[in-house]
$ cat run.txt   # compact mmCIF, C-alpha atoms
# COMPACT_ATOMS: atom_id res chain seq x y z
CA ALA A 1 171.52 98.49 145.04
CA ALA A 2 174.54 100.18 146.61
CA ALA A 3 175.81 101.13 143.16
CA ALA A 4 172.40 102.57 142.24
CA ALA A 5 172.29 104.56 145.48
CA ALA A 6 175.79 105.87 144.84
CA ALA A 7 174.81 106.84 141.29
CA ALA A 8 171.68 108.62 142.57
CA GLN A 9 173.76 110.42 145.17
CA GLN A 10 176.27 111.41 142.50
CA GLN A 11 173.45 112.71 140.30
CA GLN A 12 172.02 114.69 143.21
CA ARG A 13 175.46 116.14 143.94
CA LYS A 14 175.81 117.34 140.38
CA GLU A 15 172.63 119.38 140.48
CA ILE A 16 173.38 122.73 138.84
CA TYR A 17 170.82 125.21 137.53
CA THR A 18 171.72 128.23 135.42
CA TYR A 19 169.89 131.45 134.61
CA GLN A 20 171.12 133.82 131.92
CA ALA A 21 170.36 137.49 132.62
CA PRO A 22 170.24 140.29 130.03
CA TRP A 23 173.22 141.97 131.76
CA THR A 24 176.27 141.28 133.95
CA VAL A 25 175.11 139.96 137.34
CA PHE A 26 176.75 141.54 140.38
CA SER A 27 174.60 141.48 143.51
CA LEU A 28 172.51 138.50 144.57
CA ALA A 29 170.48 137.27 147.53
CA TRP A 30 168.45 134.22 148.56
CA SER A 31 164.95 134.72 149.92
CA ASN A 32 164.52 133.60 153.54
CA ARG A 33 160.95 132.47 152.91
CA ILE A 34 160.21 128.93 151.83
CA GLN A 35 157.83 129.17 148.88
CA GLN A 36 155.01 126.73 148.21
CA ASN A 37 155.20 126.87 144.42
CA SER A 38 158.86 127.71 143.83
CA GLN A 39 161.75 125.63 145.13
CA PHE A 40 164.07 128.64 145.08
CA ARG A 41 163.64 132.37 145.06
CA LEU A 42 166.49 134.82 144.58
CA ALA A 43 167.12 138.43 143.65
CA ILE A 44 169.92 139.49 141.31
CA GLY A 45 171.19 142.97 140.49
CA SER A 46 172.75 144.25 137.27
CA TYR A 47 176.13 145.86 136.79
CA ILE A 48 175.77 148.34 133.92
CA GLU A 49 178.00 151.42 133.86
CA LYS A 50 175.14 153.90 133.54
CA TYR A 51 172.23 155.28 135.57
CA GLU A 52 169.58 152.75 134.46
CA ASN A 53 170.11 149.40 136.15
CA SER A 54 167.82 146.55 137.19
CA VAL A 55 166.98 144.03 139.86
CA GLN A 56 165.28 140.78 138.85
CA ILE A 57 163.33 138.46 141.14
CA LEU A 58 163.98 134.87 140.08
CA LYS A 59 161.77 131.88 140.81
CA THR A 60 161.76 128.26 139.71
CA ARG A 61 159.16 126.00 138.10
CA TYR A 62 159.12 122.48 136.74
CA THR A 63 158.55 122.18 133.01
CA GLN A 64 157.66 119.01 131.09
CA HIS A 65 159.70 119.39 127.92
CA HIS A 66 158.88 115.89 126.65
CA PRO A 67 156.20 113.34 127.74
CA GLN A 68 158.77 110.54 128.21
CA VAL A 69 161.24 112.66 130.18
CA GLU A 70 161.16 113.76 133.83
CA PRO A 71 160.15 117.43 134.26
CA THR A 72 163.12 119.76 134.55
CA MET A 73 163.48 122.76 136.82
CA ASP A 74 163.74 126.12 135.06
CA ILE A 75 164.64 129.49 136.56
CA TYR A 76 162.56 132.41 135.31
CA SER A 77 162.26 136.13 136.07
CA ALA A 78 159.03 136.85 137.98
CA CYS A 79 159.62 140.60 138.22
CA THR A 80 162.04 143.30 137.06
CA ILE A 81 162.62 146.41 139.18
CA ASP A 82 164.16 149.53 137.66
CA HIS A 83 167.07 150.56 139.88
CA PRO A 84 169.22 153.70 139.66
CA TYR A 85 172.91 152.74 139.37
CA PRO A 86 174.08 149.17 140.07
CA CYS A 87 172.99 148.07 143.54
CA THR A 88 175.98 147.32 145.76
CA LYS A 89 174.04 144.76 147.79
CA ILE A 90 170.60 143.13 147.95
CA LEU A 91 169.04 141.41 150.96
CA TRP A 92 165.60 139.94 151.58
CA SER A 93 163.94 140.66 154.90
CA PRO A 94 165.19 138.29 157.62
CA GLU A 95 161.52 137.71 158.53
CA GLY A 96 161.13 133.98 158.13
CA MET A 97 164.55 133.21 159.60
CA LYS A 98 164.66 131.35 162.89
CA ASN A 99 166.26 134.23 164.84
CA ALA A 100 163.91 136.93 163.62
CA SER A 101 161.57 138.46 166.15
CA THR A 102 158.17 139.70 165.06
CA SER A 103 158.99 143.33 165.89
CA GLY A 104 159.07 144.30 162.23
CA GLY A 105 156.03 146.47 162.94
CA ASN A 106 153.77 147.04 159.95
CA TYR A 107 156.33 145.30 157.75
CA GLY A 108 155.70 141.99 159.54
CA SER A 109 153.88 139.93 156.92
CA ARG A 110 154.98 141.72 153.76
CA ASP A 111 157.47 140.33 151.29
CA LEU A 112 160.35 142.80 151.47
CA LEU A 113 163.66 143.37 149.75
CA ALA A 114 166.31 146.03 150.42
CA THR A 115 168.98 147.44 148.09
CA THR A 116 171.82 149.92 148.46
CA GLY A 117 173.46 152.14 145.88
CA ASP A 118 172.97 155.89 145.97
CA TYR A 119 170.35 155.40 148.74
CA LEU A 120 168.90 152.63 150.90
CA ARG A 121 165.63 151.48 149.36
CA ILE A 122 163.01 149.04 150.66
CA TRP A 123 160.78 147.30 148.11
CA SER A 124 157.69 145.15 148.65
CA LEU A 125 156.60 142.33 146.34
CA SER A 126 153.12 140.96 145.77
CA PRO A 127 151.39 138.76 143.17
CA ASP A 128 150.84 140.57 139.87
CA ASP A 129 147.09 140.59 139.23
CA GLU A 130 147.58 141.23 135.53
CA HIS A 131 148.94 137.69 135.12
CA PRO A 132 147.31 134.35 136.04
CA ALA A 133 148.12 133.32 139.64
CA GLU A 134 149.83 130.11 138.42
CA SER A 135 152.32 132.16 136.41
CA GLY A 136 154.03 133.19 139.66
CA MET A 137 154.60 136.72 138.33
CA LEU A 138 155.16 139.47 140.90
CA LYS A 139 154.90 143.26 140.99
CA SER A 140 157.11 145.56 143.06
CA LYS A 141 156.46 148.74 144.99
CA LYS A 142 159.08 151.09 146.44
CA GLU A 143 158.12 151.41 150.11
CA LEU A 144 160.93 153.57 151.38
CA MET A 145 164.01 155.53 150.30
CA LEU A 146 166.44 156.70 152.98
CA ASN A 147 169.26 159.22 152.46
CA ASN A 148 172.19 158.95 154.87
CA ASN A 149 173.12 162.61 154.23
CA SER A 150 170.29 164.55 155.87
CA LYS A 151 171.99 167.94 155.51
CA SER A 152 172.10 167.86 151.72
CA ASP A 153 170.18 166.70 148.68
CA TYR A 154 173.37 164.99 147.55
CA CYS A 155 174.08 161.51 148.78
CA SER A 156 177.25 159.64 149.65
CA PRO A 157 177.06 156.28 147.86
CA LEU A 158 176.43 153.26 150.06
CA THR A 159 178.93 150.43 149.70
CA SER A 160 177.01 147.76 151.60
CA PHE A 161 174.48 147.06 154.35
CA ASP A 162 173.24 144.39 156.73
CA TRP A 163 169.68 143.63 157.84
CA ASN A 164 169.50 142.59 161.47
CA GLU A 165 168.23 139.03 161.82
CA TYR A 166 167.08 139.49 165.40
CA ASP A 167 165.14 142.70 164.85
CA PRO A 168 164.07 143.19 161.21
CA SER A 169 163.30 146.88 161.85
CA ILE A 170 167.08 147.54 162.01
CA ILE A 171 169.36 147.98 158.98
CA GLY A 172 172.98 149.16 159.10
CA THR A 173 174.56 150.85 156.03
CA SER A 174 178.19 151.69 155.21
CA SER A 175 179.29 154.59 153.02
CA ILE A 176 182.27 156.01 151.16
CA ASP A 177 181.97 159.12 153.38
CA THR A 178 183.60 157.17 156.30
CA THR A 179 180.28 156.76 158.14
CA CYS A 180 177.93 153.97 159.10
CA THR A 181 174.24 154.59 159.75
CA ILE A 182 171.91 152.39 161.81
CA TRP A 183 168.34 152.80 160.54
CA ASP A 184 164.97 152.08 162.11
CA ILE A 185 163.00 151.30 158.95
CA VAL A 186 159.65 151.18 160.77
CA ALA A 187 160.12 154.70 162.16
CA GLU A 188 161.87 155.63 158.87
CA THR A 189 164.66 157.41 160.75
CA ALA A 190 168.38 157.05 161.45
CA LYS A 191 168.87 155.77 165.00
CA THR A 192 172.53 156.67 164.92
CA GLN A 193 175.25 157.73 162.50
CA LEU A 194 178.93 157.51 163.32
CA ILE A 195 182.30 158.06 161.71
CA ALA A 196 183.47 154.45 161.62
CA HIS A 197 186.79 154.62 159.76
CA GLU A 198 189.40 157.12 158.64
CA ARG A 199 188.62 156.38 155.00
CA GLU A 200 185.77 154.77 153.03
CA VAL A 201 183.78 152.04 154.79
CA PHE A 202 183.32 149.04 152.48
CA ASP A 203 181.20 146.63 154.53
CA ILE A 204 179.16 146.26 157.71
CA ALA A 205 177.81 143.13 159.46
CA PHE A 206 175.80 142.54 162.64
CA SER A 207 176.83 139.94 165.18
CA ALA A 208 174.35 138.02 167.37
CA GLY A 209 171.63 140.26 168.80
CA THR A 210 170.94 143.86 167.84
CA ASP A 211 173.79 145.84 169.41
CA VAL A 212 177.15 144.60 168.12
CA PHE A 213 178.32 145.15 164.55
CA ALA A 214 181.65 145.20 162.73
CA THR A 215 182.97 147.15 159.76
CA VAL A 216 185.88 147.05 157.31
CA GLY A 217 187.26 149.78 155.12
CA ALA A 218 189.90 151.43 152.99
CA ASP A 219 192.07 152.14 156.05
CA GLY A 220 192.77 148.38 156.32
CA SER A 221 191.07 147.81 159.69
CA VAL A 222 188.30 145.60 161.06
CA ARG A 223 186.44 147.52 163.76
CA MET A 224 183.81 146.35 166.22
CA PHE A 225 181.11 148.62 167.65
CA ASP A 226 178.47 148.26 170.36
CA GLN A 227 175.43 150.52 170.06
CA ARG A 228 175.17 150.66 173.85
CA ASN A 229 178.54 152.47 173.93
CA LEU A 230 179.42 154.16 170.65
CA GLU A 231 182.10 156.37 172.23
CA HIS A 232 184.57 153.54 171.68
CA SER A 233 185.26 150.97 169.00
CA THR A 234 187.64 148.02 169.05
CA ILE A 235 190.14 147.51 166.25
CA ILE A 236 190.15 143.72 165.89
CA TYR A 237 192.64 143.56 163.03
CA GLU A 238 194.71 145.75 160.72
CA THR A 239 196.40 144.69 157.51
CA ARG A 240 200.19 144.94 157.62
CA ASN A 241 200.54 147.77 155.12
CA LEU A 242 197.02 149.12 155.75
CA GLU A 243 195.76 147.64 152.46
CA PRO A 244 191.99 148.15 152.12
CA LEU A 245 189.67 145.38 153.34
CA LEU A 246 186.67 144.85 151.06
CA ARG A 247 184.23 142.46 152.67
CA LEU A 248 183.27 141.14 156.08
CA GLU A 249 181.23 138.05 156.94
CA TRP A 250 180.28 137.03 160.46
CA ASN A 251 180.04 133.31 161.25
CA LYS A 252 176.31 132.77 161.90
CA GLN A 253 176.82 129.70 164.11
CA ASP A 254 179.83 130.89 166.15
CA HIS A 255 179.97 134.66 166.48
CA ASN A 256 183.57 134.61 167.67
CA TYR A 257 184.71 134.22 164.06
CA LEU A 258 184.81 136.69 161.17
CA ALA A 259 186.05 136.34 157.60
CA THR A 260 187.49 139.21 155.55
CA PHE A 261 189.77 139.77 152.55
CA LYS A 262 191.94 142.53 151.15
CA VAL A 263 191.55 144.25 147.81
CA ASP A 264 193.25 142.23 145.01
CA SER A 265 194.12 139.46 147.50
CA LEU A 266 194.46 135.74 146.78
CA THR A 267 193.68 134.84 150.41
CA THR A 268 190.77 135.06 152.85
CA THR A 269 191.57 135.95 156.48
CA ILE A 270 189.74 134.19 159.34
CA LEU A 271 189.71 136.16 162.61
CA ASP A 272 188.77 135.24 166.18
CA ILE A 273 187.51 138.34 168.01
CA ARG A 274 188.84 136.87 171.30
CA VAL A 275 192.39 137.01 169.88
CA PRO A 276 192.60 140.39 168.12
CA SER A 277 195.22 141.31 165.49
CA VAL A 278 196.36 137.73 164.74
CA PRO A 279 194.45 135.74 162.08
CA VAL A 280 193.43 132.20 163.08
CA THR A 281 194.20 131.08 159.54
CA GLU A 282 194.55 132.35 155.97
CA LEU A 283 192.74 130.45 153.22
CA GLY A 284 194.64 130.30 149.93
CA GLY A 285 193.61 128.10 147.02
CA HIS A 286 192.75 130.90 144.58
CA HIS A 287 195.03 131.86 141.68
CA ASN A 288 193.47 135.28 141.27
CA CYS A 289 191.80 137.81 143.58
CA VAL A 290 189.01 136.78 145.97
CA ASN A 291 185.67 138.55 145.33
CA ALA A 292 183.26 136.96 147.80
CA VAL A 293 183.04 134.84 150.92
CA ALA A 294 180.08 133.14 152.67
CA TRP A 295 179.92 131.07 155.84
CA ALA A 296 177.71 127.99 155.84
CA PRO A 297 174.44 129.01 157.55
CA HIS A 298 174.09 125.61 159.25
CA SER A 299 177.70 124.85 160.24
CA SER A 300 180.24 126.89 162.19
CA CYS A 301 183.24 125.33 160.45
CA HIS A 302 182.45 125.52 156.73
CA ILE A 303 183.00 128.51 154.49
CA CYS A 304 182.92 129.18 150.75
CA THR A 305 185.22 131.59 148.86
CA ALA A 306 185.03 132.66 145.21
CA GLY A 307 187.18 134.76 142.94
CA ASP A 308 188.55 135.94 139.63
CA ASP A 309 190.11 132.51 138.97
CA SER A 310 186.53 131.31 138.19
CA GLN A 311 186.57 129.03 141.24
CA ALA A 312 184.21 128.59 144.18
CA LEU A 313 185.95 126.70 147.00
CA ILE A 314 184.41 125.17 150.13
CA TRP A 315 186.65 124.83 153.18
CA ASP A 316 186.44 122.74 156.35
CA LEU A 317 187.82 124.78 159.27
CA THR A 318 187.35 122.13 161.98
CA GLN A 319 191.09 121.85 162.63
CA MET A 320 192.08 125.47 161.97
CA SER A 321 193.09 126.21 165.58
CA LYS A 322 195.55 123.29 165.48
CA ARG A 323 197.01 123.60 162.00
CA SER A 324 196.80 125.73 158.87
CA VAL A 325 194.06 124.89 156.38
CA GLU A 326 195.84 124.01 153.13
CA ASP A 327 193.20 122.65 150.77
CA PRO A 328 189.46 123.07 150.17
CA ILE A 329 187.19 120.04 150.48
CA LEU A 330 185.20 120.99 147.35
CA ALA A 331 186.05 123.03 144.27
CA TYR A 332 183.73 124.19 141.51
CA ASN A 333 184.96 125.75 138.28
CA ALA A 334 182.66 128.36 136.74
CA GLU A 335 182.80 129.57 133.12
CA ALA A 336 184.11 133.03 134.11
CA GLU A 337 185.30 135.15 137.03
CA VAL A 338 182.93 134.72 139.98
CA ASN A 339 181.66 138.17 141.01
CA ASN A 340 179.55 137.12 143.95
CA LEU A 341 178.44 134.20 146.07
CA GLN A 342 175.65 133.51 148.56
CA TRP A 343 174.85 130.44 150.68
CA SER A 344 171.12 129.88 151.20
CA SER A 345 170.07 130.11 154.86
CA SER A 346 166.65 128.55 154.24
CA GLN A 347 168.04 125.70 152.09
CA PRO A 348 171.63 125.16 153.23
CA ASP A 349 172.39 122.46 150.62
CA TRP A 350 172.50 125.21 147.99
CA VAL A 351 174.99 127.91 147.06
CA SER A 352 174.49 130.51 144.33
CA ILE A 353 177.25 132.20 142.33
CA ALA A 354 177.23 135.07 139.85
CA PHE A 355 179.60 135.23 136.89
CA ALA A 356 179.37 137.24 133.66
CA ASP A 357 175.64 137.36 132.77
CA LYS A 358 174.75 134.15 134.65
CA LEU A 359 173.42 133.12 138.01
CA GLN A 360 174.12 129.51 138.93
CA ILE A 361 172.62 127.47 141.77
CA LEU A 362 174.80 124.57 142.95
CA ARG A 363 174.03 121.72 145.34
CA VAL A 364 176.94 121.30 147.76

$ encode --input "run.txt" --output "structure tokens"
Amino acid sequence: AAAAAAAAQQQQRKEIYTYQAPWTVFSLAWSNRIQQNSQFRLAIGSYIEKYENSVQILKTRYTQHHPQVEPTMDIYSACTIDHPYPCTKILWSPEGMKNASTSGGNYGSRDLLATTGDYLRIWSLSPDDEHPAESGMLKSKKELMLNNNSKSDYCSPLTSFDWNEYDPSIIGTSSIDTTCTIWDIVAETAKTQLIAHEREVFDIAFSAGTDVFATVGADGSVRMFDQRNLEHSTIIYETRNLEPLLRLEWNKQDHNYLATFKVDSLTTTILDIRVPSVPVTELGGHHNCVNAVAWAPHSSCHICTAGDDSQALIWDLTQMSKRSVEDPILAYNAEAEVNNLQWSSSQPDWVSIAFADKLQILRV
């Protein structure tokens, strides 16, 4: 019995589902809603070096391929959205997450998705009446398009954004024009816009609550802002030779910790905002540059990194204040360079990675 249980556990651990897209997959996001008829729901964005790009909404269904065999889970595209330029980031509305308030105004019950690229766009999804309900097909509608450059018809491309989990009416965007903009998407206006860095801003992330957010950029700094006092910002960390910092992820369970990494870097830097300028630890393990990082949504001391060495690595940071973290606790080898990575907040046993033209869902 023990052997059978171990075998079942091993089988469960090896659960991997793959979807092949018609293009290179760059951006991806897990839906925060638990669906009745689809175990998973994700959005993926294309990377095509031209104006016409796409976003696909992926769902899952069980298919009986043979009467004698257990049904298998397939991933299918329920909707394709035409998107100008590759989207730099996709996020589903935090509505449905445990922290989210209901102050999303008229957006409250709708199924929403946001993307950044040339502009910030909000899309709504609803069942597609032209298909049978059981097909699970969806149709999209562009609800909103916001330009961070109000003085001109031209836009400054947006590098990233974050959707506030505590107040879903708030979105923060970062731009190559050195600014960050905090939007009220219900009022459809910019609440504030500030020059955040001396050079391009590459990422923005909210901390707990609605006021504090952090940014990283091409000037090599991590900066922290408080909307109650935007006259000042705190530089938490600067790279030694001011090498650009690409991404920023706030620990969802312990907001004292941030993760970031430099351009073309093999390591991920873990910072404690209570001890500025000195990293708590540096995570190695990759043989080529790191492209993505994601904290576990349900644990303050687990984090996943992925990179051009085709690896996704999960790390246990329990002891990081006492000693350096040398080795990951789990490693997964993909078929190609991993472009992106997301850890599901609604189903924390699952991580998704994007490489080449594939999205893969892995049980961890």

$ residues_near_point --input "run.txt" --point "(167.0, 141.0, 152.0)" --cutoff "8 Å" --atoms "only C-alpha atoms" --output "ChimeraX atom specification"
/A:29-32,90-94,112-115,163

$ residues_around --input "run.txt" --residues "His232 of chain A" --least-positions-apart "4" --cutoff "12 Å" --atoms "all atoms listed in the file" --output "count of residues only"
9

$ residues_around --input "run.txt" --residues "segment 72-86 of chain A" --least-positions-apart "6" --cutoff "8 Å" --atoms "only C-alpha atoms" --output "MDAnalysis selection string"
chainID A and resid 17:19 45:65 117:118 136:140

$ write_last_selection --input "run.txt" --atoms "C-alpha atoms" --output "tab-separated table (two decimals), in the frame of the given file"
chain	number	residue	atom	x	y	z
A	17	TYR	CA	170.82	125.21	137.53
A	18	THR	CA	171.72	128.23	135.42
A	19	TYR	CA	169.89	131.45	134.61
A	45	GLY	CA	171.19	142.97	140.49
A	46	SER	CA	172.75	144.25	137.27
A	47	TYR	CA	176.13	145.86	136.79
A	48	ILE	CA	175.77	148.34	133.92
A	49	GLU	CA	178.00	151.42	133.86
A	50	LYS	CA	175.14	153.90	133.54
A	51	TYR	CA	172.23	155.28	135.57
A	52	GLU	CA	169.58	152.75	134.46
A	53	ASN	CA	170.11	149.40	136.15
A	54	SER	CA	167.82	146.55	137.19
A	55	VAL	CA	166.98	144.03	139.86
A	56	GLN	CA	165.28	140.78	138.85
A	57	ILE	CA	163.33	138.46	141.14
A	58	LEU	CA	163.98	134.87	140.08
A	59	LYS	CA	161.77	131.88	140.81
A	60	THR	CA	161.76	128.26	139.71
A	61	ARG	CA	159.16	126.00	138.10
A	62	TYR	CA	159.12	122.48	136.74
A	63	THR	CA	158.55	122.18	133.01
A	64	GLN	CA	157.66	119.01	131.09
A	65	HIS	CA	159.70	119.39	127.92
A	117	GLY	CA	173.46	152.14	145.88
A	118	ASP	CA	172.97	155.89	145.97
A	136	GLY	CA	154.03	133.19	139.66
A	137	MET	CA	154.60	136.72	138.33
A	138	LEU	CA	155.16	139.47	140.90
A	139	LYS	CA	154.90	143.26	140.99
A	140	SER	CA	157.11	145.56	143.06

$ atom_distance --input "run.txt" --atom1 "atom CA of Glu243 of chain A" --atom2 "atom CA of Met320 of chain A"
24.4 Å

$ axis_aligned_box --input "run.txt" --around "segment 147-151 of chain A" --padding-each-side "4 Å" --output "AutoDock Vina command-line options"
--center_x 171.2 --center_y 163.4 --center_z 154.2 --size_x 11.9 --size_y 17.0 --size_z 11.4

$ closest_residue --input "run.txt" --among "A:Asn251, A:Ser310, A:Ser135, A:Gln193" --to "Ser38 of chain A" --atoms "all atoms listed in the file"
A:Ser135

$ closest_residue --input "run.txt" --among "A:Phe40, A:Trp315, A:Tyr154, A:Trp23" --to "Trp295 of chain A" --atoms "only C-alpha atoms"
A:Trp315

$ residues_around --input "run.txt" --residues "Thr88 of chain A" --least-positions-apart "5" --cutoff "8 Å" --atoms "all atoms listed in the file" --output "list in words"
Phe26, Ser27, Thr115, Thr116, Gly117, Leu158, Thr159 and Ser160 of chain A

$ decode --input "run.txt" --residues "segment 202-216 of chain A" --atoms "N, CA and C atoms" --output "JSON list (two decimals), in the first residue's frame"
[["chain", "number", "residue", "atom", "x", "y", "z"],
["A", 202, "PHE", "N", 11.75, 49.84, -15.62],
["A", 202, "PHE", "CA", 11.47, 48.53, -16.22],
["A", 202, "PHE", "C", 10.40, 47.73, -15.50],
["A", 203, "ASP", "N", 10.12, 48.05, -14.22],
["A", 203, "ASP", "CA", 9.10, 47.28, -13.52],
["A", 203, "ASP", "C", 8.57, 48.07, -12.33],
["A", 204, "ILE", "N", 7.36, 47.74, -11.93],
["A", 204, "ILE", "CA", 6.70, 48.37, -10.78],
["A", 204, "ILE", "C", 5.92, 47.29, -10.04],
["A", 205, "ALA", "N", 5.88, 47.36, -8.70],
["A", 205, "ALA", "CA", 5.12, 46.38, -7.92],
["A", 205, "ALA", "C", 4.61, 47.04, -6.64],
["A", 206, "PHE", "N", 3.33, 46.78, -6.32],
["A", 206, "PHE", "CA", 2.75, 47.27, -5.08],
["A", 206, "PHE", "C", 3.13, 46.37, -3.92],
["A", 207, "SER", "N", 3.27, 46.99, -2.74],
["A", 207, "SER", "CA", 3.44, 46.24, -1.51],
["A", 207, "SER", "C", 2.06, 45.97, -0.92],
["A", 208, "ALA", "N", 2.00, 45.65, 0.39],
["A", 208, "ALA", "CA", 0.70, 45.47, 1.05],
["A", 208, "ALA", "C", -0.04, 46.80, 1.06],
["A", 209, "GLY", "N", -1.36, 46.76, 0.92],
["A", 209, "GLY", "CA", -2.14, 48.00, 0.94],
["A", 209, "GLY", "C", -2.09, 48.69, -0.41],
["A", 210, "THR", "N", -2.52, 49.96, -0.41],
["A", 210, "THR", "CA", -2.67, 50.68, -1.68],
["A", 210, "THR", "C", -1.65, 51.78, -1.88],
["A", 211, "ASP", "N", -0.83, 52.09, -0.87],
["A", 211, "ASP", "CA", 0.01, 53.29, -0.94],
["A", 211, "ASP", "C", 1.45, 53.04, -1.37],
["A", 212, "VAL", "N", 2.04, 51.94, -0.92],
["A", 212, "VAL", "CA", 3.48, 51.74, -1.12],
["A", 212, "VAL", "C", 3.73, 50.89, -2.37],
["A", 213, "PHE", "N", 4.65, 51.38, -3.22],
["A", 213, "PHE", "CA", 5.06, 50.59, -4.37],
["A", 213, "PHE", "C", 6.56, 50.78, -4.60],
["A", 214, "ALA", "N", 7.14, 49.85, -5.33],
["A", 214, "ALA", "CA", 8.58, 49.92, -5.62],
["A", 214, "ALA", "C", 8.78, 49.80, -7.13],
["A", 215, "THR", "N", 9.93, 50.30, -7.57],
["A", 215, "THR", "CA", 10.26, 50.29, -9.00],
["A", 215, "THR", "C", 11.72, 49.91, -9.19],
["A", 216, "VAL", "N", 12.03, 49.39, -10.39],
["A", 216, "VAL", "CA", 13.43, 49.16, -10.79],
["A", 216, "VAL", "C", 13.62, 49.74, -12.19]]
